Amino acid sequence: RLDDAYLTYHIRPPNPAFALTELEVALNNVGREGVEKFEGRFAFKEEPVTFTGTAKAASGGDGVDLVVSLDSEKAKAALEGVAGGSGGDDLFNGEALVRLVEAGSALRWFGAGLEKDHPALAGAMTLTGPMTLRRNEVRLRDVLFKSALADGRGEVTADFSGSRAKLTGKVDWERLDLEGIAQPVRGPQALAVVSRAATQSQGLVIPSLWEELQTYLKSIEETGAAPRAASIQPRRQDEAAAANPRRALPLPTRRPAIDLSFLDMVDFEITHRAARLKYNGFEMGDVQADTALEAGRLAVRLKNALFASGRWTGAFDVDARSTQPNLALKLTGTGVEAQRLQQATIGQSTLTGRGDVRADLEAKGRYAEQLVKSLSGTINVDIGEGRLVGYDLKAILTEFWKQWRYDTRRRTPFKKIGARVRVDKGVIETIGYASLRGGEAELDSRGTVSLVAQSLNQRIRARLAWPPNQLPLPARISGPWSSPKVSVDWGIFSVSPGFVDLPPGLRGEPGAEGRASFAPGPSAAATMPENVARDIDRVLGKPEVAAKVPAKLRETLEVLATRRGGVN
């Protein structure tokens with residue numbers, strides 16, 4: 001009952017996204033100062049909601065001082081501020097506490113959530129801070145955000161005027177659990193050149209050069225032909241499948257490698273900052289990034305991040321509008337600690353030193369198999385002064401008759417390492433040579449790594465830095481990532497003698513670049529086992545067999561035989 005009063009009301013056409021039904025309101029003690037208490041219920045998308053509160057005339061004479069609590073099984077909210085007023089479009093302006101009982105389910109209820117559950121939206125989510133509510137917009141200013149996987153503070157505006165909700169603003173993250181958030185959308189580990197599981201072996205075994213030479217000579221005598229050099233041409237997917245159908249394409253295909261359903265949830269333009277982030281056992285600091293999502297196209301611009309003691313910038317783009325989404329990554333790291341980067345990415349460190357990394361990669365697909373088979377682009381790595389961990393190349397080259405195993409106590413100092421690789425449909429191939437240059441030893445590598453077959457095939461040329469006095473080592477590393485094998489590639493002398501060009505000290509006196517004769521150091525001949533010496537003599541004593549040995553190698557063997565005679 002209203003005595004000596006007027007009741008004025010106006011009903012606007014409802015926003016379809018926030019249409020309420022079954023509205024019931026009870027008002028208690030209505031007077032000139034407002035409503036002492038109101039309570040009621042309504043249904044939002046068939047979910048019942050109860051509410052209670054007070055509404056009194058604002059002290060400034062414009063609008064209503066509103067205190068209201070809303071309660072449902074999916075969300076709870078408490079608002080305290082000014083509602084209405086003739087000065088603008090604000091329906092409410094004040095403090096808010098919003099708690100989503102189960103964030104994923106509640107956001108779907110609001111029309112801004114994923115169709116499927118996601119760990120980032122599991123459990124409760126709470127928003128606390130100043131809020132402005134308009135007919136098609138919610139604006140949060142200096143709001144505190146807490147959930148199971150993240151805590152932060154920021155300014156965010158949600159616009160519901162279009163067919164899709166759009167978020168804009170900026171967030172400073174105090175805690176962000178990328179491990180939990182990214183798990184359903186993480187790419188396959190096989191995108192790394194070597195997975196963590198594949199690098200837990202005890203390292204490569206460098207064979208004895210004398211044993212390898214003996215095997216080579218025996219092959220010439222038995223087959224009448226020198227073994228051909230190992231091919232470094234990449235095996236394509238169809239060739240790998242034909243050669244070994246059981247091992248071809250070993251990547252999982254049942255579960256999507258990247259779940260892109262969240263790209264259909266909402267549009268946003270958000271700036272992110274974080275003092276520290278943790279993911280997969282490594283930390284990033286001083287992270288600054290801009291993210292934009294519009295109609296299934298995601299763009300992430302990494303403006304700054306500290307990782308592995310280096311500074312990183314880059315961009316990540318996803319276009320998920322088609323059934324085969326396109327992914328593109330550009331990343332640049334400067335002043336990066338090689339040891340920390342390897343530990344974080346492959347779980348084992350073989351290099352020390354600082355350097356720069358640049359990657360420009362593209363892939364297409366939703367599944368691990370599709371992404372790896374389509375991965376293309378380039379990667380450049382330059383590392384300054386450091387050490388190769390596990391092997392002493394100088395000792396290996398000066399005592400090549402021994403077998404050498406990986407040993408973390410052994411190191412090879414270097415001045416720089418450089419590598420340029422191209423990626424084509426899941427096959428990584430060096431551009432020119434990957435090189436290690438140092439004061440004691442030098443190494444060049446060329447070949448391929450197949451992400452599809454999970455195997456590698458690399459030629460290596462290792463030699464002492466000038467002035468050298470021992471044989472260089474032409475080798476091949478091949479086989480599956482989990483158990484690659486090192487072998488001496490004698491056949492390379494036939495097809496590409498320049499690849500293992502003997503340095504000046506093996507052509508005579510140091511600096512005698514133009515001399516045709518080779519002069520292996522006396523220690524090479526002195527350490528040669530007698531049975532290897534006999535095999536050399538036997539091969540060289542048969543003109544028809546000796547003719548099968550590449551000219552450069554044959555001349556080296558002749559010098560070895562002569563030197564051995566002088567030593568003995």
# chains A, B, ... in the order shown; residues from 1 in each chain; ligands from 1

call {"tool": "residues_around", "arguments": {"residues": "Leu70 of chain A", "least_positions_apart": "4", "cutoff": "10 Å", "atoms": "only C-alpha atoms", "output": "PyMOL selection string"}}
result
chain A and resi 39-41+49-53+75-79+98

call {"tool": "select_by_dssp", "arguments": {"residues": "segment 314-545 of chain A", "states": "helix (DSSP H, G or I)", "output": "ChimeraX atom specification"}}
result
/A:338-345,368-374,393-398,492-495,497-500,504-506,522-526,530-540,543-545

call {"tool": "residues_around", "arguments": {"residues": "Lys45 of chain A", "least_positions_apart": "2", "cutoff": "9 Å", "atoms": "only C-alpha atoms", "output": "short mmCIF file (atom, residue, chain, number, x, y, z; two decimals) with N, CA and C atoms, in the first residue's frame"}}
result
data_model
loop_
_atom_site.label_atom_id
_atom_site.label_comp_id
_atom_site.auth_asym_id
_atom_site.auth_seq_id
_atom_site.Cartn_x
_atom_site.Cartn_y
_atom_site.Cartn_z
N PHE A 18 20.97 -10.75 -20.82
CA PHE A 18 20.68 -10.64 -19.39
C PHE A 18 19.17 -10.61 -19.12
N ALA A 19 18.41 -11.28 -19.95
CA ALA A 19 16.97 -11.33 -19.75
C ALA A 19 16.63 -12.13 -18.49
N LEU A 20 15.79 -11.54 -17.61
CA LEU A 20 15.36 -12.21 -16.39
C LEU A 20 13.90 -12.63 -16.52
N THR A 21 13.57 -13.73 -15.94
CA THR A 21 12.20 -14.23 -15.95
C THR A 21 11.77 -14.58 -14.53
N ALA A 43 14.69 -15.80 -12.30
CA ALA A 43 15.39 -16.88 -13.01
C ALA A 43 16.23 -16.28 -14.13
N GLU A 47 18.09 -20.68 -14.24
CA GLU A 47 18.76 -20.91 -12.97
C GLU A 47 18.16 -19.97 -11.93
N PRO A 48 17.58 -20.47 -10.82
CA PRO A 48 16.97 -19.59 -9.82
C PRO A 48 18.01 -18.76 -9.06
N TRP A 109 27.30 -20.15 -17.79
CA TRP A 109 25.97 -19.63 -17.43
C TRP A 109 25.82 -18.18 -17.88
N PHE A 110 26.88 -17.40 -17.76
CA PHE A 110 26.85 -16.01 -18.20
C PHE A 110 27.01 -15.87 -19.71
#

call {"tool": "residues_around", "arguments": {"residues": "segment 132-138 of chain A", "least_positions_apart": "3", "cutoff": "8 Å", "atoms": "only C-alpha atoms", "output": "MDAnalysis selection string"}}
result
chainID A and resid 15 89:94 157:161

call {"tool": "write_last_selection", "arguments": {"atoms": "N, CA and C atoms", "output": "PDB file, in the first residue's frame"}}
result
ATOM      1  N   ASN A  15      18.292  -6.543 -22.534  1.00  0.00           N
ATOM      2  CA  ASN A  15      19.420  -7.106 -23.272  1.00  0.00           C
ATOM      3  C   ASN A  15      19.228  -8.621 -23.298  1.00  0.00           C
ATOM      4  N   ASP A  89      24.686   6.819 -17.750  1.00  0.00           N
ATOM      5  CA  ASP A  89      24.114   5.519 -18.103  1.00  0.00           C
ATOM      6  C   ASP A  89      24.412   4.439 -17.071  1.00  0.00           C
ATOM      7  N   ASP A  90      25.047   4.824 -15.968  1.00  0.00           N
ATOM      8  CA  ASP A  90      25.420   3.819 -14.980  1.00  0.00           C
ATOM      9  C   ASP A  90      24.187   3.275 -14.272  1.00  0.00           C
ATOM     10  N   LEU A  91      24.021   1.963 -14.309  1.00  0.00           N
ATOM     11  CA  LEU A  91      22.978   1.313 -13.523  1.00  0.00           C
ATOM     12  C   LEU A  91      23.440   1.126 -12.084  1.00  0.00           C
ATOM     13  N   PHE A  92      24.759   0.958 -11.930  1.00  0.00           N
ATOM     14  CA  PHE A  92      25.312   0.789 -10.579  1.00  0.00           C
ATOM     15  C   PHE A  92      26.765   1.213 -10.599  1.00  0.00           C
ATOM     16  N   ASN A  93      27.188   1.854  -9.512  1.00  0.00           N
ATOM     17  CA  ASN A  93      28.574   2.281  -9.379  1.00  0.00           C
ATOM     18  C   ASN A  93      28.954   2.146  -7.912  1.00  0.00           C
ATOM     19  N   GLY A  94      29.905   1.244  -7.630  1.00  0.00           N
ATOM     20  CA  GLY A  94      30.288   1.050  -6.241  1.00  0.00           C
ATOM     21  C   GLY A  94      31.240  -0.108  -6.073  1.00  0.00           C
ATOM     22  N   THR A 157      37.232  -4.251 -18.610  1.00  0.00           N
ATOM     23  CA  THR A 157      35.871  -3.907 -19.019  1.00  0.00           C
ATOM     24  C   THR A 157      35.319  -5.029 -19.872  1.00  0.00           C
ATOM     25  N   ALA A 158      34.108  -5.491 -19.526  1.00  0.00           N
ATOM     26  CA  ALA A 158      33.420  -6.528 -20.298  1.00  0.00           C
ATOM     27  C   ALA A 158      32.248  -5.899 -21.028  1.00  0.00           C
ATOM     28  N   ASP A 159      32.285  -5.974 -22.351  1.00  0.00           N
ATOM     29  CA  ASP A 159      31.243  -5.378 -23.188  1.00  0.00           C
ATOM     30  C   ASP A 159      30.373  -6.492 -23.751  1.00  0.00           C
ATOM     31  N   PHE A 160      29.075  -6.431 -23.452  1.00  0.00           N
ATOM     32  CA  PHE A 160      28.141  -7.478 -23.893  1.00  0.00           C
ATOM     33  C   PHE A 160      27.178  -6.964 -24.956  1.00  0.00           C
ATOM     34  N   SER A 161      27.525  -5.876 -25.631  1.00  0.00           N
ATOM     35  CA  SER A 161      26.594  -5.302 -26.603  1.00  0.00           C
ATOM     36  C   SER A 161      26.552  -6.082 -27.906  1.00  0.00           C
TER      37      SER A 161
END

call {"tool": "atom_distance", "arguments": {"atom1": "atom CA of Asp317 of chain A", "atom2": "atom CA of Leu167 of chain A"}}
result
18.5 Å

call {"tool": "atom_distance", "arguments": {"atom1": "atom CA of Glu530 of chain A", "atom2": "atom CA of Glu211 of chain A"}}
result
11.9 Å

call {"tool": "atom_distance", "arguments": {"atom1": "atom CA of Phe282 of chain A", "atom2": "atom CA of Arg301 of chain A"}}
result
20.5 Å

call {"tool": "decode", "arguments": {"residues": "segment 205-224 of chain A", "atoms": "N, CA, C and O atoms", "output": "compact mmCIF listing (two decimals), in the first residue's frame"}}
result
# COMPACT_ATOMS: atom_id res chain seq x y z
N VAL A 205 78.93 -42.56 -27.49
CA VAL A 205 80.22 -43.23 -27.37
C VAL A 205 81.01 -42.94 -28.64
O VAL A 205 80.55 -43.23 -29.74
N ILE A 206 82.20 -42.35 -28.49
CA ILE A 206 83.07 -42.07 -29.63
C ILE A 206 83.94 -43.30 -29.86
O ILE A 206 84.70 -43.70 -28.99
N PRO A 207 83.82 -43.94 -31.01
CA PRO A 207 84.54 -45.21 -31.22
C PRO A 207 86.03 -44.99 -31.42
O PRO A 207 86.50 -43.90 -31.72
N SER A 208 86.79 -46.06 -31.29
CA SER A 208 88.23 -46.05 -31.57
C SER A 208 88.44 -45.95 -33.07
O SER A 208 87.88 -46.72 -33.86
N LEU A 209 89.25 -44.98 -33.47
CA LEU A 209 89.48 -44.79 -34.90
C LEU A 209 90.20 -45.98 -35.52
O LEU A 209 89.94 -46.34 -36.68
N TRP A 210 91.10 -46.61 -34.79
CA TRP A 210 91.80 -47.77 -35.34
C TRP A 210 90.81 -48.90 -35.62
O TRP A 210 90.88 -49.56 -36.66
N GLU A 211 89.86 -49.14 -34.70
CA GLU A 211 88.87 -50.19 -34.92
C GLU A 211 88.00 -49.86 -36.13
O GLU A 211 87.66 -50.75 -36.93
N GLU A 212 87.62 -48.60 -36.25
CA GLU A 212 86.80 -48.19 -37.38
C GLU A 212 87.57 -48.35 -38.70
O GLU A 212 87.02 -48.78 -39.71
N LEU A 213 88.88 -48.02 -38.68
CA LEU A 213 89.69 -48.15 -39.88
C LEU A 213 89.83 -49.62 -40.27
O LEU A 213 89.76 -49.97 -41.46
N GLN A 214 90.00 -50.47 -39.29
CA GLN A 214 90.14 -51.90 -39.58
C GLN A 214 88.87 -52.45 -40.21
O GLN A 214 88.91 -53.23 -41.17
N THR A 215 87.73 -52.03 -39.70
CA THR A 215 86.45 -52.46 -40.26
C THR A 215 86.30 -51.96 -41.70
O THR A 215 85.81 -52.68 -42.58
N TYR A 216 86.74 -50.74 -41.93
CA TYR A 216 86.66 -50.15 -43.27
C TYR A 216 87.52 -50.93 -44.27
O TYR A 216 87.08 -51.27 -45.38
N LEU A 217 88.77 -51.22 -43.90
CA LEU A 217 89.66 -51.95 -44.80
C LEU A 217 89.13 -53.35 -45.09
O LEU A 217 89.24 -53.86 -46.22
N LYS A 218 88.57 -53.98 -44.06
CA LYS A 218 88.00 -55.31 -44.27
C LYS A 218 86.85 -55.26 -45.27
O LYS A 218 86.71 -56.14 -46.13
N SER A 219 86.04 -54.21 -45.18
CA SER A 219 84.92 -54.06 -46.11
C SER A 219 85.41 -53.91 -47.54
O SER A 219 84.84 -54.47 -48.48
N ILE A 220 86.50 -53.16 -47.73
CA ILE A 220 87.04 -52.98 -49.08
C ILE A 220 87.51 -54.31 -49.66
O ILE A 220 87.25 -54.64 -50.82
N GLU A 221 88.19 -55.09 -48.82
CA GLU A 221 88.70 -56.37 -49.31
C GLU A 221 87.58 -57.33 -49.63
O GLU A 221 87.63 -58.08 -50.61
N GLU A 222 86.54 -57.35 -48.83
CA GLU A 222 85.47 -58.34 -49.01
C GLU A 222 84.52 -57.96 -50.12
O GLU A 222 84.01 -58.82 -50.85
N THR A 223 84.21 -56.68 -50.25
CA THR A 223 83.20 -56.26 -51.24
C THR A 223 83.81 -55.72 -52.52
O THR A 223 83.12 -55.61 -53.54
N GLY A 224 85.11 -55.38 -52.47
CA GLY A 224 85.74 -54.82 -53.65
C GLY A 224 85.38 -53.38 -53.92
O GLY A 224 85.67 -52.85 -54.99
